[in-house]
$ cat data12.cif   # mmCIF, C-alpha atoms
data_target
loop_
_atom_site.label_atom_id
_atom_site.label_comp_id
_atom_site.auth_asym_id
_atom_site.auth_seq_id
_atom_site.Cartn_x
_atom_site.Cartn_y
_atom_site.Cartn_z
CA MET A 1 0.00 0.00 0.00
CA ARG A 2 2.83 2.42 0.82
CA ALA A 3 4.53 1.66 -2.49
CA VAL A 4 1.29 2.40 -4.35
CA LEU A 5 0.76 5.64 -2.43
CA ALA A 6 4.34 6.69 -3.12
CA ALA A 7 3.84 6.10 -6.83
CA LEU A 8 0.64 8.16 -6.81
CA ILE A 9 2.33 11.07 -5.03
CA CYS A 10 5.26 10.92 -7.45
CA ALA A 11 2.84 11.01 -10.36
CA ALA A 12 1.05 14.00 -8.84
CA LEU A 13 4.40 15.77 -8.60
CA GLY A 14 5.21 14.91 -12.18
CA LEU A 15 8.36 13.05 -11.08
CA SER A 16 9.71 9.66 -11.98
CA MET A 17 10.11 7.07 -9.27
CA ALA A 18 13.87 7.37 -9.75
CA ALA A 19 13.66 11.01 -8.77
CA CYS A 20 11.00 10.60 -6.11
CA GLY A 21 10.72 7.11 -4.70
CA SER A 22 12.58 5.24 -2.03
CA SER A 23 13.40 2.34 -4.34
CA THR A 24 16.45 4.23 -5.60
CA ASN A 25 17.23 6.39 -2.59
CA ASP A 26 19.11 3.61 -0.85
CA SER A 27 21.40 2.88 -3.78
CA ALA A 28 24.68 4.46 -4.73
CA SER A 29 25.24 6.83 -7.63
CA SER A 30 27.68 5.97 -10.39
CA ASN A 31 30.36 7.92 -8.52
CA GLY A 32 29.78 5.91 -5.34
CA ALA A 33 27.83 8.62 -3.46
CA GLN A 34 24.80 7.50 -1.49
CA LYS A 35 21.52 8.79 -2.91
CA LEU A 36 19.27 10.75 -0.58
CA SER A 37 16.07 12.68 -1.19
CA PHE A 38 14.86 15.68 0.80
CA MET A 39 11.35 17.12 0.64
CA LEU A 40 10.66 20.76 1.39
CA ASP A 41 7.72 21.86 3.50
CA TRP A 42 6.90 24.97 1.49
CA THR A 43 8.19 27.21 -1.27
CA PRO A 44 12.00 27.53 -1.01
CA ASN A 45 13.02 30.22 1.47
CA THR A 46 15.81 30.99 3.92
CA ASN A 47 14.80 28.04 6.11
CA HIS A 48 16.20 25.90 3.31
CA ILE A 49 19.16 28.05 2.30
CA GLY A 50 21.79 25.75 3.81
CA LEU A 51 20.64 22.87 1.62
CA TYR A 52 20.98 24.83 -1.60
CA VAL A 53 24.32 26.29 -0.53
CA ALA A 54 25.70 22.87 0.36
CA GLN A 55 24.50 21.48 -2.95
CA LYS A 56 25.92 24.36 -5.00
CA LEU A 57 29.29 24.45 -3.23
CA GLY A 58 29.75 20.68 -3.35
CA TYR A 59 29.50 19.98 0.38
CA PHE A 60 27.14 17.04 -0.15
CA LYS A 61 29.33 15.65 -2.92
CA ASP A 62 32.39 15.92 -0.67
CA ALA A 63 30.45 14.06 2.04
CA GLY A 64 29.57 11.23 -0.35
CA VAL A 65 25.88 12.18 -0.58
CA ASP A 66 23.98 12.55 -3.84
CA LEU A 67 21.07 14.75 -2.71
CA THR A 68 17.84 15.38 -4.61
CA ILE A 69 15.74 18.26 -3.25
CA LEU A 70 12.04 17.63 -3.90
CA PRO A 71 9.31 20.30 -4.01
CA THR A 72 6.70 20.01 -1.31
CA ALA A 73 3.91 17.55 -2.04
CA GLN A 74 0.25 18.20 -1.43
CA ALA A 75 0.32 15.36 1.12
CA GLY A 76 3.04 17.21 3.04
CA ALA A 77 6.64 16.42 3.87
CA GLU A 78 5.69 14.36 6.94
CA THR A 79 3.42 11.97 5.05
CA SER A 80 5.91 11.73 2.20
CA VAL A 81 8.71 10.74 4.58
CA GLU A 82 6.47 8.27 6.38
CA ASN A 83 5.52 6.64 3.07
CA GLY A 84 9.06 6.48 1.70
CA VAL A 85 8.59 9.09 -1.02
CA ALA A 86 11.46 11.06 0.54
CA ASN A 87 14.16 10.03 2.99
CA VAL A 88 14.25 13.33 4.87
CA GLY A 89 11.72 16.14 5.15
CA PHE A 90 11.52 19.64 6.58
CA THR A 91 9.03 19.86 9.44
CA THR A 92 8.65 20.84 13.08
CA LEU A 93 9.04 18.79 16.23
CA SER A 94 5.43 19.51 17.13
CA ASN A 95 4.31 18.18 13.74
CA VAL A 96 6.29 15.01 14.39
CA ALA A 97 4.43 14.66 17.68
CA ALA A 98 1.06 15.16 15.99
CA PHE A 99 1.76 12.71 13.16
CA ASN A 100 3.16 10.07 15.49
CA ALA A 101 0.09 10.38 17.68
CA GLN A 102 -1.89 9.31 14.62
CA GLY A 103 0.32 6.27 13.98
CA ALA A 104 3.32 7.61 12.05
CA ASN A 105 6.87 6.69 13.03
CA LEU A 106 8.89 9.85 12.45
CA ARG A 107 12.08 10.95 14.18
CA PHE A 108 13.27 14.56 14.42
CA VAL A 109 17.03 14.62 13.76
CA PHE A 110 18.03 18.26 13.21
CA ASP A 111 16.65 21.43 14.80
CA LEU A 112 17.53 24.52 12.78
CA THR A 113 15.72 27.13 14.86
CA GLN A 114 16.85 27.67 18.45
CA LYS A 115 14.26 30.29 19.44
CA PRO A 116 10.62 31.00 18.50
CA VAL A 117 10.09 32.56 15.08
CA ALA A 118 6.29 32.51 14.78
CA GLN A 119 4.23 35.64 15.35
CA TRP A 120 0.50 36.23 15.47
CA CYS A 121 -0.36 39.46 13.74
CA ALA A 122 -3.11 41.82 12.71
CA LEU A 123 -2.71 44.71 10.33
CA ALA A 124 -1.26 47.71 12.15
CA SER A 125 -4.14 49.74 10.74
CA ARG A 126 -6.50 47.78 13.00
CA LYS A 127 -6.49 50.16 15.97
CA ASP A 128 -9.05 47.94 17.71
CA ILE A 129 -6.44 45.20 18.17
CA VAL A 130 -3.87 46.20 20.77
CA THR A 131 -3.29 42.97 22.75
CA PRO A 132 -4.31 39.32 22.18
CA LYS A 133 -7.37 40.02 24.34
CA ASP A 134 -8.73 42.00 21.41
CA LEU A 135 -8.62 38.87 19.22
CA SER A 136 -11.66 37.51 21.11
CA GLY A 137 -14.46 36.91 18.63
CA LYS A 138 -12.28 37.88 15.70
CA THR A 139 -11.52 35.73 12.63
CA PHE A 140 -8.25 33.82 12.54
CA VAL A 141 -6.85 33.19 9.06
CA SER A 142 -5.28 29.73 9.20
CA PHE A 143 -4.91 26.30 7.61
CA GLY A 144 -7.13 24.63 10.21
CA SER A 145 -4.33 23.51 12.53
CA ALA A 146 -5.40 22.29 15.97
CA GLU A 147 -1.96 23.24 17.24
CA GLN A 148 -2.25 26.84 16.08
CA ASN A 149 -5.77 27.11 17.46
CA ALA A 150 -4.54 25.98 20.88
CA VAL A 151 -1.78 28.61 20.85
CA VAL A 152 -4.12 31.41 19.84
CA ARG A 153 -6.74 30.39 22.41
CA GLN A 154 -4.15 30.38 25.20
CA MET A 155 -2.80 33.79 24.19
CA ILE A 156 -6.27 35.32 24.20
CA LYS A 157 -7.17 33.82 27.59
CA HIS A 158 -3.85 34.86 29.11
CA ALA A 159 -4.54 38.43 28.00
CA GLY A 160 -7.98 38.35 29.63
CA GLY A 161 -10.12 37.47 26.65
CA THR A 162 -12.70 34.72 26.21
CA GLY A 163 -10.51 32.48 24.08
CA GLU A 164 -13.23 32.23 21.49
CA PHE A 165 -12.55 33.10 17.84
CA LYS A 166 -13.71 32.25 14.35
CA THR A 167 -11.56 30.81 11.57
CA ALA A 168 -11.18 31.39 7.86
CA THR A 169 -9.08 29.33 5.47
CA ALA A 170 -5.87 31.05 4.43
CA GLY A 171 -5.45 31.72 0.74
CA THR A 172 -2.16 31.83 -1.10
CA ASN A 173 -1.29 35.11 0.62
CA THR A 174 -2.36 35.88 4.19
CA PHE A 175 -1.57 39.58 3.69
CA THR A 176 -4.17 39.70 0.92
CA THR A 177 -6.74 37.84 3.01
CA LEU A 178 -6.34 40.29 5.90
CA SER A 179 -6.36 43.33 3.61
CA SER A 180 -9.55 42.12 1.95
CA GLY A 181 -11.32 42.04 5.31
CA LYS A 182 -12.00 38.29 5.16
CA GLY A 183 -9.97 37.78 8.32
CA ASP A 184 -8.68 39.78 11.28
CA PHE A 185 -5.37 38.14 12.19
CA GLY A 186 -3.04 35.33 11.12
CA GLY A 187 0.22 33.53 11.75
CA PHE A 188 3.49 34.73 10.28
CA TYR A 189 7.18 33.87 10.51
CA ALA A 190 9.29 36.78 11.72
CA THR A 191 12.09 35.63 9.42
CA TRP A 192 10.01 35.73 6.25
CA GLU A 193 6.55 37.37 6.23
CA GLY A 194 7.66 39.69 9.04
CA VAL A 195 10.57 40.82 6.90
CA GLU A 196 8.34 41.13 3.85
CA SER A 197 5.98 43.36 5.84
CA LYS A 198 8.82 45.71 6.78
CA LEU A 199 10.07 45.84 3.20
CA ASN A 200 6.84 46.13 1.26
CA GLY A 201 4.00 46.53 3.75
CA PRO A 202 1.37 46.30 4.96
CA ALA A 203 2.61 47.04 8.47
CA LEU A 204 1.74 44.48 11.14
CA ASN A 205 1.03 44.52 14.87
CA CYS A 206 2.39 41.20 16.16
CA PHE A 207 2.35 39.11 19.33
CA GLU A 208 4.68 36.29 20.33
CA ALA A 209 3.23 33.24 22.04
CA ALA A 210 5.89 33.11 24.77
CA ASP A 211 4.84 36.58 25.94
CA TRP A 212 1.24 35.47 26.37
CA GLY A 213 1.23 32.29 28.40
CA VAL A 214 2.42 29.63 25.93
CA PRO A 215 5.27 27.60 27.51
CA GLY A 216 8.40 26.23 25.87
CA ASN A 217 9.53 26.67 22.28
CA PRO A 218 6.73 26.04 19.77
CA ASP A 219 8.94 26.65 16.74
CA GLN A 220 11.55 23.91 16.55
CA LEU A 221 11.88 23.70 12.77
CA GLY A 222 14.18 21.18 11.15
CA PHE A 223 14.53 17.73 9.59
CA ALA A 224 12.77 14.42 10.22
CA VAL A 225 13.17 10.88 8.91
CA ASN A 226 11.17 7.68 9.18
CA ALA A 227 12.44 6.02 12.36
CA SER A 228 12.35 2.58 10.74
CA TRP A 229 14.68 3.87 7.99
CA LEU A 230 17.30 4.31 10.70
CA ASN A 231 17.28 0.59 11.47
CA ASP A 232 19.82 0.20 8.65
CA SER A 233 23.30 1.18 9.83
CA ALA A 234 24.18 2.34 6.31
CA HIS A 235 21.32 4.82 6.47
CA GLN A 236 22.61 6.09 9.81
CA THR A 237 26.01 6.75 8.24
CA THR A 238 24.45 8.52 5.26
CA LEU A 239 22.33 10.66 7.58
CA ARG A 240 25.38 11.71 9.60
CA HIS A 241 27.22 12.73 6.44
CA PHE A 242 24.16 14.58 5.13
CA LEU A 243 23.58 16.50 8.36
CA ALA A 244 27.25 17.51 8.61
CA ALA A 245 27.20 18.84 5.04
CA ALA A 246 23.87 20.62 5.54
CA ALA A 247 25.14 22.26 8.75
CA LYS A 248 28.19 23.42 6.81
CA GLY A 249 25.86 25.01 4.26
CA TYR A 250 23.95 26.86 6.96
CA ASP A 251 27.22 27.97 8.57
CA TYR A 252 28.31 29.39 5.23
CA ALA A 253 25.02 31.29 5.02
CA LEU A 254 25.62 32.81 8.45
CA ALA A 255 29.16 33.87 7.53
CA ASN A 256 28.32 34.96 3.97
CA PRO A 257 24.64 35.97 4.00
CA GLN A 258 24.67 37.94 0.75
CA LYS A 259 26.50 35.27 -1.24
CA ALA A 260 24.29 32.56 0.22
CA SER A 261 21.18 34.58 -0.61
CA ASP A 262 22.31 34.90 -4.21
CA ILE A 263 22.85 31.13 -4.35
CA LEU A 264 19.32 30.45 -3.06
CA VAL A 265 17.77 32.82 -5.60
CA ALA A 266 19.81 31.36 -8.47
CA GLN A 267 19.16 27.74 -7.49
CA THR A 268 15.39 28.23 -7.20
CA LYS A 269 14.64 30.39 -10.23
CA GLU A 270 11.21 28.79 -10.69
CA SER A 271 10.16 30.23 -7.32
CA GLN A 272 11.05 33.77 -8.42
CA LEU A 273 12.28 34.78 -4.98
CA ASP A 274 12.79 38.47 -4.33
CA PRO A 275 16.57 38.90 -3.80
CA LYS A 276 15.97 41.85 -1.47
CA LEU A 277 13.61 39.78 0.70
CA VAL A 278 16.04 36.84 0.88
CA ARG A 279 18.95 39.06 1.89
CA ALA A 280 16.89 40.95 4.47
CA SER A 281 15.64 37.64 5.87
CA MET A 282 19.21 36.43 6.39
CA ASP A 283 20.07 39.72 8.09
CA THR A 284 17.14 39.22 10.46
CA ILE A 285 18.10 35.62 11.20
CA ILE A 286 21.67 36.65 12.04
CA ALA A 287 20.75 39.75 14.05
CA ASN A 288 18.27 37.85 16.23
CA LYS A 289 20.32 34.62 16.45
CA TYR A 290 17.38 32.45 15.46
CA TRP A 291 19.64 29.54 14.44
CA THR A 292 22.48 29.85 16.93
CA THR A 293 23.19 29.75 20.63
CA LYS A 294 26.75 30.43 21.80
CA ASP A 295 28.60 30.80 18.49
CA PRO A 296 26.73 33.18 16.14
CA ARG A 297 28.59 31.73 13.15
CA ARG A 298 27.51 28.12 13.60
CA VAL A 299 24.22 26.26 13.74
CA THR A 300 24.02 23.60 16.42
CA GLY A 301 21.22 21.53 14.93
CA THR A 302 20.47 20.19 18.39
CA THR A 303 17.01 19.83 19.87
CA ASP A 304 16.62 21.59 23.21
CA PHE A 305 14.53 19.05 25.10
CA SER A 306 13.97 21.35 28.07
CA ALA A 307 12.25 23.84 25.75
CA ALA A 308 10.46 21.17 23.75
CA GLN A 309 8.71 19.20 26.49
CA PRO A 310 6.73 22.05 28.15
CA TYR A 311 5.25 22.93 24.77
CA LEU A 312 4.36 19.30 24.01
CA ASP A 313 2.74 19.05 27.46
CA PHE A 314 0.75 22.20 26.75
CA GLN A 315 -0.48 20.91 23.39
CA ASN A 316 -1.37 17.53 24.85
CA ASN A 317 -3.47 19.18 27.56
CA ALA A 318 -5.20 21.15 24.80
CA GLY A 319 -6.16 17.88 23.08
CA THR A 320 -4.01 18.42 20.00
CA TYR A 321 -2.56 14.91 20.07
CA ALA A 322 -5.81 13.05 20.62
CA PRO A 323 -6.03 10.04 18.27
CA SER A 324 -8.68 10.05 15.60
CA LYS A 325 -11.99 8.41 16.48
CA SER A 326 -11.27 5.50 14.13
CA ASP A 327 -8.08 4.72 16.08
CA VAL A 328 -9.79 4.53 19.48
CA LYS A 329 -11.48 1.27 20.46
CA SER A 330 -13.99 0.82 23.24
CA LYS A 331 -14.01 -2.23 25.48
CA ASP A 332 -16.31 -4.13 23.12
CA GLY A 333 -13.88 -3.55 20.24
CA LYS A 334 -15.98 -0.96 18.44
CA ASN A 335 -14.78 2.46 17.44
CA GLY A 336 -14.85 4.80 20.38
CA THR A 337 -14.35 8.52 20.75
CA SER A 338 -11.09 10.37 20.77
CA GLY A 339 -9.57 11.62 24.01
CA THR A 340 -6.44 13.29 25.34
CA PRO A 341 -3.60 10.77 25.85
CA ASP A 342 -2.66 10.24 29.51
CA GLN A 343 0.93 11.22 28.78
CA ALA A 344 2.13 13.86 26.35
CA PRO A 345 4.47 12.86 23.54
CA GLN A 346 7.99 12.73 24.93
CA ALA A 347 10.53 14.97 23.23
CA ARG A 348 13.40 12.57 23.92
CA LYS A 349 11.57 9.83 22.06
CA LEU A 350 10.48 12.05 19.19
CA ALA A 351 13.88 13.67 18.61
CA THR A 352 17.53 12.71 18.78
CA ASN A 353 20.84 14.55 18.58
CA ASP A 354 22.79 11.34 18.00
CA TYR A 355 23.43 11.91 14.30
CA LEU A 356 24.99 15.36 14.62
CA SER A 357 28.73 15.85 14.40
#
$ encode --input "data12.cif" --output "structure tokens"
Amino acid sequence: MRAVLAALICAALGLSMAACGSSTNDSASSNGAQKLSFMLDWTPNTNHIGLYVAQKLGYFKDAGVDLTILPTAQAGAETSVENGVANVGFTTLSNVAAFNAQGANLRFVFDLTQKPVAQWCALASRKDIVTPKDLSGKTFVSFGSAEQNAVVRQMIKHAGGTGEFKTATAGTNTFTTLSSGKGDFGGFYATWEGVESKLNGPALNCFEAADWGVPGNPDQLGFAVNASWLNDSAHQTTLRHFLAAAAKGYDYALANPQKASDILVAQTKESQLDPKLVRASMDTIIANKYWTTKDPRRVTGTTDFSAAQPYLDFQNNAGTYAPSKSDVKSKDGKNGTSGTPDQAPQARKLATNDYLS
């Protein structure tokens, strides 16, 4: 069934199985390098810059890895990795928790972001929205994420509001949706949409979850693999080499932000990235140390478990990780109703730092 699903997703992407499927990912290229496929989570942006830099400058080749970067699939990077369509995918630790709660077997192996990057914003022209309390009863522009809803609800309640709000499906551009009046506030990344707002408008009034009662770090963005894929020691070796080369690419971007930005734009011409936005995004990442801890020139890639677990606990208490109704059985063996798991997903089981140099 997984092989059939993988083939269907590849067909939807317009890719051959050689370019997309796992049947060739485990083999070696003609030059002896180990093939590896990586699926993006969204349109290429500075979150992915290290991958394109490492590919362009030959870091993967030097590490013995023949990497294919795949565009995001409609099914998502998590499902694609789970089904073997890609070996590695860009995701978040909290997404890994949510997918595993539904039966997936993902493992988070590289954490790019070391501090929260998400913001919850309304247009600055909305003078009626001053604190999250003012979001009560307003319309949240989102993709229907239970996780995001839990964060927004907590922020509103912490600020003294009711915690109640309406939702509207986000279009291709949240700025446009807000400007059209179809929604009142939405989620943005400070390193991308936040930068775009400062460059091109419209101006935003933003709130960060940590300032309004949400514990831990909700924005641990990085790489995940299928945990069963790691049962092969050869795959473990390939992953170590891949992560070392990718980290080198991100380090180059930190030390040479303008050159790295130009590489990203040139390597993703089909995305038509704005060079000014890419460069300003890298400047923001460096200035605010979103990827680094002690050494501002190097990414660590490590998951901070002490920051991860409080957030997972919070989301579990909010019911985000409840299994689907079809997965819950009552005592007579019939389908039951979903409920909050007794124990939250454990960060140390979801993530590992063992494959980092």
$ resolve_selection --input "data12.cif" --expression "the PyMOL selection byres ((chain A and resi 196-208) around 10)" --output "count of residues only"
44
$ residues_near_point --input "data12.cif" --point "(24.5, 36.1, 19.1)" --cutoff "12 Å" --atoms "only C-alpha atoms" --output "ChimeraX atom specification"
/A:114-115,254,284-299
$ atom_distance --input "data12.cif" --atom1 "atom CA of Met282 of chain A" --atom2 "atom CA of Ala260 of chain A"
8.9 Å
$ closest_residue --input "data12.cif" --among "A:Thr174, A:Asn256, A:Gln220, A:Asn149" --to "Gly319 of chain A" --atoms "all atoms listed in the file"
A:Asn149
$ residues_near_point --input "data12.cif" --point "(-7.2, 32.3, 23.7)" --cutoff "12 Å" --atoms "only C-alpha atoms" --output "ChimeraX atom specification"
/A:120,131-138,140,148-166,209,212-214,318
$ write_last_selection --input "data12.cif" --atoms "C-alpha atoms" --output "compact mmCIF listing (two decimals), in the coordinates of the input"
# COMPACT_ATOMS: atom_id res chain seq x y z
CA TRP A 120 0.50 36.23 15.47
CA THR A 131 -3.29 42.97 22.75
CA PRO A 132 -4.31 39.32 22.18
CA LYS A 133 -7.37 40.02 24.34
CA ASP A 134 -8.73 42.00 21.41
CA LEU A 135 -8.62 38.87 19.22
CA SER A 136 -11.66 37.51 21.11
CA GLY A 137 -14.46 36.91 18.63
CA LYS A 138 -12.28 37.88 15.70
CA PHE A 140 -8.25 33.82 12.54
CA GLN A 148 -2.25 26.84 16.08
CA ASN A 149 -5.77 27.11 17.46
CA ALA A 150 -4.54 25.98 20.88
CA VAL A 151 -1.78 28.61 20.85
CA VAL A 152 -4.12 31.41 19.84
CA ARG A 153 -6.74 30.39 22.41
CA GLN A 154 -4.15 30.38 25.20
CA MET A 155 -2.80 33.79 24.19
CA ILE A 156 -6.27 35.32 24.20
CA LYS A 157 -7.17 33.82 27.59
CA HIS A 158 -3.85 34.86 29.11
CA ALA A 159 -4.54 38.43 28.00
CA GLY A 160 -7.98 38.35 29.63
CA GLY A 161 -10.12 37.47 26.65
CA THR A 162 -12.70 34.72 26.21
CA GLY A 163 -10.51 32.48 24.08
CA GLU A 164 -13.23 32.23 21.49
CA PHE A 165 -12.55 33.10 17.84
CA LYS A 166 -13.71 32.25 14.35
CA ALA A 209 3.23 33.24 22.04
CA TRP A 212 1.24 35.47 26.37
CA GLY A 213 1.23 32.29 28.40
CA VAL A 214 2.42 29.63 25.93
CA ALA A 318 -5.20 21.15 24.80
$ atom_distance --input "data12.cif" --atom1 "atom CA of Phe38 of chain A" --atom2 "atom CA of Phe90 of chain A"
7.8 Å
$ build_atoms --input "data12.cif" --residues "segment 215-233 of chain A" --atoms "N, CA, C and O atoms" --output "PDB file, keeping the file's coordinate frame"
ATOM      1  N   PRO A 215       3.967  28.023  26.984  1.00  0.00           N
ATOM      2  CA  PRO A 215       5.270  27.600  27.510  1.00  0.00           C
ATOM      3  C   PRO A 215       6.156  26.937  26.456  1.00  0.00           C
ATOM      4  O   PRO A 215       5.668  26.435  25.431  1.00  0.00           O
ATOM      5  N   GLY A 216       7.450  26.941  26.728  1.00  0.00           N
ATOM      6  CA  GLY A 216       8.400  26.230  25.870  1.00  0.00           C
ATOM      7  C   GLY A 216       8.617  26.904  24.526  1.00  0.00           C
ATOM      8  O   GLY A 216       8.227  28.052  24.306  1.00  0.00           O
ATOM      9  N   ASN A 217       9.253  26.170  23.622  1.00  0.00           N
ATOM     10  CA  ASN A 217       9.530  26.670  22.280  1.00  0.00           C
ATOM     11  C   ASN A 217       8.624  25.966  21.283  1.00  0.00           C
ATOM     12  O   ASN A 217       8.808  24.784  20.989  1.00  0.00           O
ATOM     13  N   PRO A 218       7.642  26.668  20.717  1.00  0.00           N
ATOM     14  CA  PRO A 218       6.730  26.040  19.770  1.00  0.00           C
ATOM     15  C   PRO A 218       7.291  25.927  18.360  1.00  0.00           C
ATOM     16  O   PRO A 218       6.682  25.290  17.504  1.00  0.00           O
ATOM     17  N   ASP A 219       8.446  26.516  18.111  1.00  0.00           N
ATOM     18  CA  ASP A 219       8.940  26.650  16.740  1.00  0.00           C
ATOM     19  C   ASP A 219      10.278  25.961  16.523  1.00  0.00           C
ATOM     20  O   ASP A 219      11.251  26.574  16.087  1.00  0.00           O
ATOM     21  N   GLN A 220      10.333  24.670  16.822  1.00  0.00           N
ATOM     22  CA  GLN A 220      11.550  23.910  16.550  1.00  0.00           C
ATOM     23  C   GLN A 220      11.417  23.328  15.143  1.00  0.00           C
ATOM     24  O   GLN A 220      10.838  22.267  14.936  1.00  0.00           O
ATOM     25  N   LEU A 221      11.982  24.054  14.176  1.00  0.00           N
ATOM     26  CA  LEU A 221      11.880  23.700  12.770  1.00  0.00           C
ATOM     27  C   LEU A 221      13.158  22.988  12.324  1.00  0.00           C
ATOM     28  O   LEU A 221      14.262  23.451  12.625  1.00  0.00           O
ATOM     29  N   GLY A 222      12.994  21.889  11.607  1.00  0.00           N
ATOM     30  CA  GLY A 222      14.180  21.180  11.150  1.00  0.00           C
ATOM     31  C   GLY A 222      13.848  19.970  10.305  1.00  0.00           C
ATOM     32  O   GLY A 222      12.892  19.984   9.531  1.00  0.00           O
ATOM     33  N   PHE A 223      14.622  18.898  10.469  1.00  0.00           N
ATOM     34  CA  PHE A 223      14.530  17.730   9.590  1.00  0.00           C
ATOM     35  C   PHE A 223      14.021  16.507  10.351  1.00  0.00           C
ATOM     36  O   PHE A 223      14.356  16.302  11.517  1.00  0.00           O
ATOM     37  N   ALA A 224      13.247  15.682   9.652  1.00  0.00           N
ATOM     38  CA  ALA A 224      12.770  14.420  10.220  1.00  0.00           C
ATOM     39  C   ALA A 224      12.943  13.300   9.213  1.00  0.00           C
ATOM     40  O   ALA A 224      12.941  13.518   7.989  1.00  0.00           O
ATOM     41  N   VAL A 225      13.087  12.087   9.732  1.00  0.00           N
ATOM     42  CA  VAL A 225      13.170  10.880   8.910  1.00  0.00           C
ATOM     43  C   VAL A 225      12.166   9.868   9.444  1.00  0.00           C
ATOM     44  O   VAL A 225      11.595  10.054  10.519  1.00  0.00           O
ATOM     45  N   ASN A 226      11.961   8.802   8.685  1.00  0.00           N
ATOM     46  CA  ASN A 226      11.170   7.680   9.180  1.00  0.00           C
ATOM     47  C   ASN A 226      12.064   6.883  10.133  1.00  0.00           C
ATOM     48  O   ASN A 226      13.160   6.463   9.757  1.00  0.00           O
ATOM     49  N   ALA A 227      11.615   6.691  11.356  1.00  0.00           N
ATOM     50  CA  ALA A 227      12.440   6.020  12.360  1.00  0.00           C
ATOM     51  C   ALA A 227      12.869   4.630  11.914  1.00  0.00           C
ATOM     52  O   ALA A 227      13.992   4.194  12.202  1.00  0.00           O
ATOM     53  N   SER A 228      12.005   3.924  11.188  1.00  0.00           N
ATOM     54  CA  SER A 228      12.350   2.580  10.740  1.00  0.00           C
ATOM     55  C   SER A 228      13.475   2.605   9.703  1.00  0.00           C
ATOM     56  O   SER A 228      14.226   1.639   9.575  1.00  0.00           O
ATOM     57  N   TRP A 229      13.592   3.716   8.978  1.00  0.00           N
ATOM     58  CA  TRP A 229      14.680   3.870   7.990  1.00  0.00           C
ATOM     59  C   TRP A 229      16.033   3.840   8.691  1.00  0.00           C
ATOM     60  O   TRP A 229      17.039   3.409   8.118  1.00  0.00           O
ATOM     61  N   LEU A 230      16.059   4.268   9.941  1.00  0.00           N
ATOM     62  CA  LEU A 230      17.300   4.310  10.700  1.00  0.00           C
ATOM     63  C   LEU A 230      17.726   2.952  11.242  1.00  0.00           C
ATOM     64  O   LEU A 230      18.796   2.833  11.843  1.00  0.00           O
ATOM     65  N   ASN A 231      16.896   1.927  11.024  1.00  0.00           N
ATOM     66  CA  ASN A 231      17.280   0.590  11.470  1.00  0.00           C
ATOM     67  C   ASN A 231      18.471   0.051  10.681  1.00  0.00           C
ATOM     68  O   ASN A 231      19.168  -0.856  11.137  1.00  0.00           O
ATOM     69  N   ASP A 232      18.684   0.601   9.500  1.00  0.00           N
ATOM     70  CA  ASP A 232      19.820   0.200   8.650  1.00  0.00           C
ATOM     71  C   ASP A 232      21.027   1.057   9.020  1.00  0.00           C
ATOM     72  O   ASP A 232      20.978   2.286   8.940  1.00  0.00           O
ATOM     73  N   SER A 233      22.116   0.424   9.423  1.00  0.00           N
ATOM     74  CA  SER A 233      23.300   1.180   9.830  1.00  0.00           C
ATOM     75  C   SER A 233      23.878   2.011   8.693  1.00  0.00           C
ATOM     76  O   SER A 233      24.466   3.072   8.939  1.00  0.00           O
TER      77      SER A 233
END
